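The next block is protein-v5.cif, given as mmCIF, C-alpha atoms.
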```cif
data_input
#
loop_
_atom_site.label_atom_id
_atom_site.label_comp_id
_atom_site.auth_asym_id
_atom_site.auth_seq_id
_atom_site.Cartn_x
_atom_site.Cartn_y
_atom_site.Cartn_z
CA PRO K 285 16.83 23.78 3.38
CA LEU K 286 14.08 22.10 1.41
CA ARG K 287 11.82 23.87 -1.05
CA LEU K 288 8.78 25.25 0.78
CA GLU K 289 6.30 23.08 -1.12
CA ARG K 290 8.26 19.89 -0.42
CA ALA K 291 8.73 20.75 3.26
CA LEU K 292 4.99 21.39 3.67
CA HIS K 293 4.10 18.19 1.78
CA ILE K 294 6.26 16.17 4.18
CA ALA K 295 5.14 18.03 7.32
CA LEU K 296 1.45 17.65 6.49
CA GLN K 297 1.87 13.90 6.14
CA VAL K 298 3.71 13.75 9.47
CA CYS K 299 0.84 15.71 11.01
CA ASP K 300 -1.68 13.25 9.60
CA ALA K 301 0.23 10.14 10.73
CA VAL K 302 0.97 11.47 14.21
CA GLY K 303 -2.57 12.87 14.38
CA GLU K 304 -3.86 9.33 13.91
CA ALA K 305 -1.73 8.23 16.86
CA HIS K 306 -3.08 11.14 18.91
CA ASP K 307 -6.63 10.05 18.05
CA GLN K 308 -5.72 6.64 19.49
CA GLY K 309 -4.36 8.14 22.73
CA ILE K 310 -0.69 7.76 21.76
CA VAL K 311 2.03 10.40 22.10
CA HIS K 312 5.12 9.51 20.02
CA ARG K 313 7.70 11.41 22.16
CA ASP K 314 10.66 10.98 19.79
CA LEU K 315 9.84 12.64 16.49
CA LYS K 316 13.06 13.40 14.62
CA PRO K 317 14.34 13.03 11.05
CA GLU K 318 15.51 9.46 11.68
CA ASN K 319 11.93 8.51 12.55
CA VAL K 320 10.39 10.04 9.43
CA MET K 321 11.03 7.75 6.48
CA LEU K 322 10.37 8.95 2.95
CA VAL K 323 9.47 6.24 0.44
CA ARG K 324 8.25 6.26 -3.14
CA ARG K 325 4.55 5.44 -3.37
CA GLY K 326 3.03 5.72 -6.80
CA GLY K 327 4.18 9.04 -8.22
CA ASP K 328 5.04 10.48 -4.81
CA PRO K 329 8.76 10.20 -3.96
CA ASP K 330 8.10 11.77 -0.54
CA PHE K 331 5.45 9.51 0.95
CA VAL K 332 5.92 9.64 4.74
CA LYS K 333 6.08 6.76 7.17
CA VAL K 334 6.52 7.67 10.83
CA LEU K 335 8.66 5.10 12.62
CA ASP K 336 9.74 4.08 16.11
CA PHE K 337 6.92 4.31 18.57
CA GLY K 338 9.21 2.51 21.05
CA VAL K 339 9.11 5.29 23.65
CA ALA K 340 5.52 6.31 22.97
CA LYS K 341 3.24 7.15 25.86
CA VAL K 342 -0.16 5.47 25.70
CA ASP K 343 -3.14 6.89 27.59
CA TRP K 344 -5.49 3.94 27.74
CA LEU K 345 -7.47 2.59 30.64
CA ASP K 346 -8.22 5.46 32.99
CA GLY K 347 -5.49 7.69 31.52
CA ALA K 348 -2.69 5.52 32.91
CA GLN K 349 0.74 6.48 31.62
CA ALA K 350 3.25 4.06 30.14
CA THR K 351 6.03 6.02 31.85
CA GLN K 352 6.13 8.24 34.90
CA VAL K 353 6.40 12.00 35.03
CA GLY K 354 10.01 12.87 35.84
CA THR K 355 11.42 10.54 33.19
CA VAL K 356 12.99 12.14 30.12
CA PHE K 357 12.71 10.35 26.76
CA GLY K 358 13.45 11.63 23.29
CA THR K 359 16.11 13.45 21.31
CA ALA K 360 17.24 16.80 22.72
CA ARG K 361 17.06 18.87 19.50
CA TYR K 362 13.42 17.89 18.91
CA MET K 363 12.19 17.65 22.50
CA ALA K 364 9.46 19.93 23.82
CA PRO K 365 10.43 22.01 26.87
CA GLU K 366 7.99 20.17 29.14
CA ALA K 367 9.52 16.84 28.07
CA ALA K 368 13.02 18.22 28.68
CA ARG K 369 11.96 19.14 32.21
CA GLY K 370 10.56 15.65 32.83
CA GLU K 371 6.98 16.95 33.01
CA LEU K 372 3.84 15.42 31.56
CA VAL K 373 3.97 14.98 27.78
CA THR K 374 0.83 15.35 25.68
CA PRO K 375 0.04 15.58 21.97
CA ARG K 376 1.15 19.23 22.23
CA SER K 377 4.66 17.90 22.94
CA ASP K 378 4.62 16.06 19.61
CA VAL K 379 3.33 19.24 17.96
CA TYR K 380 6.44 21.04 19.24
CA SER K 381 8.62 18.31 17.72
CA ILE K 382 6.83 18.54 14.37
CA ALA K 383 7.28 22.33 14.38
CA THR K 384 10.98 21.74 15.08
CA LEU K 385 11.20 19.33 12.14
CA LEU K 386 9.49 21.83 9.85
CA TYR K 387 11.76 24.64 11.10
CA GLN K 388 14.73 22.44 10.22
CA CYS K 389 13.31 21.64 6.77
CA LEU K 390 12.82 25.34 6.04
CA ALA K 391 15.95 26.77 7.71
CA GLY K 392 18.41 23.94 7.19
CA ARG K 393 19.04 23.75 10.95
CA THR K 394 17.14 23.05 14.14
CA PRO K 395 16.02 25.97 16.31
CA PHE K 396 18.53 25.05 19.03
CA ASP K 397 21.96 23.49 18.97
CA GLY K 398 24.68 23.09 21.55
CA THR K 399 27.94 21.39 22.37
CA ASN K 400 26.17 18.67 24.37
CA THR K 401 22.73 17.33 25.19
CA VAL K 402 22.35 19.35 28.40
CA ALA K 403 23.16 22.61 26.58
CA VAL K 404 20.49 21.85 23.98
CA LEU K 405 17.91 20.96 26.65
CA VAL K 406 18.61 24.22 28.51
CA LYS K 407 18.04 26.17 25.28
CA GLN K 408 14.84 24.21 24.60
CA CYS K 409 13.54 25.34 27.97
CA SER K 410 14.75 28.94 28.04
CA GLU K 411 15.56 30.46 24.63
CA VAL K 412 13.41 31.73 21.78
CA PRO K 413 14.39 30.46 18.33
CA LEU K 414 15.56 32.86 15.65
CA GLU K 415 12.76 34.01 13.38
CA LEU K 416 12.55 31.90 10.24
CA SER K 417 12.46 35.08 8.15
CA THR K 418 16.01 35.96 9.27
CA ILE K 419 17.33 32.54 8.24
CA SER K 420 15.05 31.72 5.31
CA PRO K 421 13.46 34.82 3.76
CA HIS K 422 11.61 32.61 1.23
CA VAL K 423 9.29 31.31 3.98
CA PRO K 424 5.97 33.20 3.88
CA ALA K 425 5.09 35.09 7.06
CA ALA K 426 1.88 33.06 7.54
CA VAL K 427 3.78 29.77 7.54
CA ALA K 428 6.53 31.16 9.79
CA ARG K 429 3.88 32.33 12.29
CA VAL K 430 2.41 28.83 12.56
CA VAL K 431 5.85 27.28 13.04
CA HIS K 432 6.83 29.79 15.74
CA GLN K 433 3.47 29.54 17.53
CA ASN K 434 4.03 25.82 17.84
CA LEU K 435 7.55 26.29 19.17
CA SER K 436 6.07 28.11 22.16
CA LYS K 437 7.50 27.17 25.54
CA ASN K 438 3.91 27.13 26.83
CA PRO K 439 2.12 23.99 25.58
CA ALA K 440 -1.27 25.75 25.86
CA GLU K 441 -0.18 28.16 23.10
CA ARG K 442 0.49 25.31 20.65
CA CYS K 443 -2.02 23.42 18.55
CA ALA K 444 -3.72 20.69 20.60
CA THR K 445 -2.93 17.85 18.20
CA ALA K 446 -0.85 17.11 15.12
CA ARG K 447 -3.98 17.20 12.95
CA GLU K 448 -4.79 20.68 14.28
CA LEU K 449 -1.24 21.73 13.37
CA GLY K 450 -1.75 20.29 9.88
CA ALA K 451 -4.94 22.32 9.46
CA ALA K 452 -3.14 25.49 10.61
CA LEU K 453 -0.30 24.84 8.15
CA MET K 454 -2.74 24.28 5.30
CA ALA K 455 -4.55 27.52 6.14
CA ALA K 456 -1.22 29.38 6.26
CA ALA K 457 -0.18 27.90 2.90
CA ARG K 458 -3.49 28.97 1.36
CA GLU K 459 -3.08 32.47 2.83
CA ALA K 460 0.41 32.64 1.33
CA ARG K 461 -0.84 31.13 -1.95
CA VAL K 462 1.56 28.23 -1.76
CA GLU K 463 0.63 25.41 -4.11
#
```

This structure in structure tokens:
Amino acid sequence: PLRLERALHIALQVCDAVGEAHDQGIVHRDLKPENVMLVRRGGDPDFVKVLDFGVAKVDWLDGAQATQVGTVFGTARYMAPEAARGELVTPRSDVYSIATLLYQCLAGRTPFDGTNTVAVLVKQCSEVPLELSTISPHVPAAVARVVHQNLSKNPAERCATARELGAALMAAAREARVE
């Protein structure tokens, strides 16, 4: 697991970068550690660059989709339940993936694992992740609540966009007095 402050610093930058894509009508659909590059920029060794928009869904021109509903794209461990079921993906799907990344940063493991891709996808759709407090007691309750809210199976219960998730994480960090 990463230190709480470092994990939040990275997650907030991911939220900002993906939030910019959401503002442009783009859903990334494959957020995972391999697509979050950390580079040194000035004095910041953890400056985030979000990579690989190759399977992104773009809602331009009358809301047309780049891919059809029923097609599954992404990486099983980070995929939102609706994406795993081949349903419509939205910015809330990316929010789920960011919450999964943050869970992994704080717990040292993803919420769901399995012996194969199908097993992981089934868990994504049907199981509730272990509470962060049982795996990582150093995570403040306010931060854990935001992470778990955004791992909801119901997209409507998640933050609407990555920027909204970032704001919720910042508020939770302030509540927990994380610097």

Hits of the PyMOL selection byres ((chain K and resi 393) around 12) in this structure, as a CSV table (one decimal) with C-alpha atoms, keeping the file's coordinate frame:
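Written output follows (selection_16.csv):
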```csv
chain,number,residue,atom,x,y,z
K,285,PRO,CA,16.8,23.8,3.4
K,286,LEU,CA,14.1,22.1,1.4
K,317,PRO,CA,14.3,13.0,11.0
K,361,ARG,CA,17.1,18.9,19.5
K,362,TYR,CA,13.4,17.9,18.9
K,384,THR,CA,11.0,21.7,15.1
K,385,LEU,CA,11.2,19.3,12.1
K,386,LEU,CA,9.5,21.8,9.8
K,387,TYR,CA,11.8,24.6,11.1
K,388,GLN,CA,14.7,22.4,10.2
K,389,CYS,CA,13.3,21.6,6.8
K,390,LEU,CA,12.8,25.3,6.0
K,391,ALA,CA,16.0,26.8,7.7
K,392,GLY,CA,18.4,23.9,7.2
K,394,THR,CA,17.1,23.0,14.1
K,395,PRO,CA,16.0,26.0,16.3
K,396,PHE,CA,18.5,25.0,19.0
K,397,ASP,CA,22.0,23.5,19.0
K,413,PRO,CA,14.4,30.5,18.3
K,414,LEU,CA,15.6,32.9,15.6
K,416,LEU,CA,12.6,31.9,10.2
K,419,ILE,CA,17.3,32.5,8.2
K,420,SER,CA,15.0,31.7,5.3
```

(message) Quick check on the file I pasted: which residues fall under the PyMOL selection byres ((chain K and resi 437) around 7)? Write them as a ChimeraX atom specification.
(response) /K:365,409,435-436,438-439

(message) At a cut-off of 7 Å, using all atoms listed in the file, what residues contact range 422-431 of chain K? Leave out same-chain residues fewer than 4 positions from it and give the result as a list in words.
(response)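 The filter keeps Leu288, Ala383, Tyr387, Leu416, Ser417, Leu435, Ala452, Leu453, Ala456, Ala457, Glu459 and Ala460 of chain K.
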
(request) Could you tell me which of K:Ala360, K:Val379, K:Leu296, K:Met321 comes closest to Cys443 in chain K if we count all atoms listed in the file? (result)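 That would be K:Val379, the residue with the smallest distance to Cys443 in chain K.
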
(request) Could you check how far CA of Asp330 in chain K sits from CA of Thr359 in chain K, in Å to one decimal? (result)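 Atom-to-atom, CA of Asp330 in chain K and CA of Thr359 in chain K are spaced 23.3 Å apart.
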
(message) I'd like the interatomic distance between CA of Gly309 in chain K and CA of Gln297 in chain K, to a tenth of an Å.
(response) 18.6 Å

(request) Could you check how far CA of Arg447 in chain K sits from CA of Ile382 in chain K, in Å to one decimal? (result)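 Distance between the two atoms: 11.0 Å.
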
Once the PyMOL selection byres ((chain K and resi 331) around 10) has been evaluated on this model, what residues remain selected, and can you format them as a PDB file with C-alpha atoms, keeping the file's coordinate frame?
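Final output, saved to selection_1.pdb:
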```pdb
ATOM      1  CA  HIS K 293       4.100  18.190   1.780  1.00  0.00           C
ATOM      2  CA  ILE K 294       6.260  16.170   4.180  1.00  0.00           C
ATOM      3  CA  GLN K 297       1.870  13.900   6.140  1.00  0.00           C
ATOM      4  CA  VAL K 298       3.710  13.750   9.470  1.00  0.00           C
ATOM      5  CA  VAL K 320      10.390  10.040   9.430  1.00  0.00           C
ATOM      6  CA  MET K 321      11.030   7.750   6.480  1.00  0.00           C
ATOM      7  CA  LEU K 322      10.370   8.950   2.950  1.00  0.00           C
ATOM      8  CA  VAL K 323       9.470   6.240   0.440  1.00  0.00           C
ATOM      9  CA  ARG K 324       8.250   6.260  -3.140  1.00  0.00           C
ATOM     10  CA  ARG K 325       4.550   5.440  -3.370  1.00  0.00           C
ATOM     11  CA  GLY K 326       3.030   5.720  -6.800  1.00  0.00           C
ATOM     12  CA  GLY K 327       4.180   9.040  -8.220  1.00  0.00           C
ATOM     13  CA  ASP K 328       5.040  10.480  -4.810  1.00  0.00           C
ATOM     14  CA  PRO K 329       8.760  10.200  -3.960  1.00  0.00           C
ATOM     15  CA  ASP K 330       8.100  11.770  -0.540  1.00  0.00           C
ATOM     16  CA  VAL K 332       5.920   9.640   4.740  1.00  0.00           C
ATOM     17  CA  LYS K 333       6.080   6.760   7.170  1.00  0.00           C
TER      18      LYS K 333
END
```

(message) Between K:Val406, K:Leu315, K:Leu335, K:Leu292, which residue has the minimum interatomic distance to Tyr380 in chain K, considering all atoms listed in the file?
(response) K:Leu315

(message) When you count only C-alpha atoms, which of these residues is closest to Glu289 in chain K: K:Val404, K:Leu372, K:Met454, K:Ala440?
(response) K:Met454

Around range 421-430 of chain K, with edges along x, y and z and 4 Å added on all six sides, what centre and edge lengths do you get, in Å to one decimal, as AutoDock Vina command-line options?
```
--center_x 7.7 --center_y 32.0 --center_z 6.9 --size_x 19.6 --size_y 14.3 --size_z 19.3
```

(message) Could you check the closest approach to Val302 in chain K for each of K:Glu448, K:Glu366, K:Glu441, K:Glu463 and tell me which residue wins, using all atoms listed in the file?
(response)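 Closest to Val302 in chain K of all the choices is K:Glu448.
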
(request) Kindly indicate which residue among K:Ser377, K:Gly370, K:Ile310, K:Asn434 lies nearest to Gly450 in chain K, using only C-alpha atoms for the distances. (result)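 The shortest atom-to-atom distance to Gly450 in chain K comes from K:Asn434.
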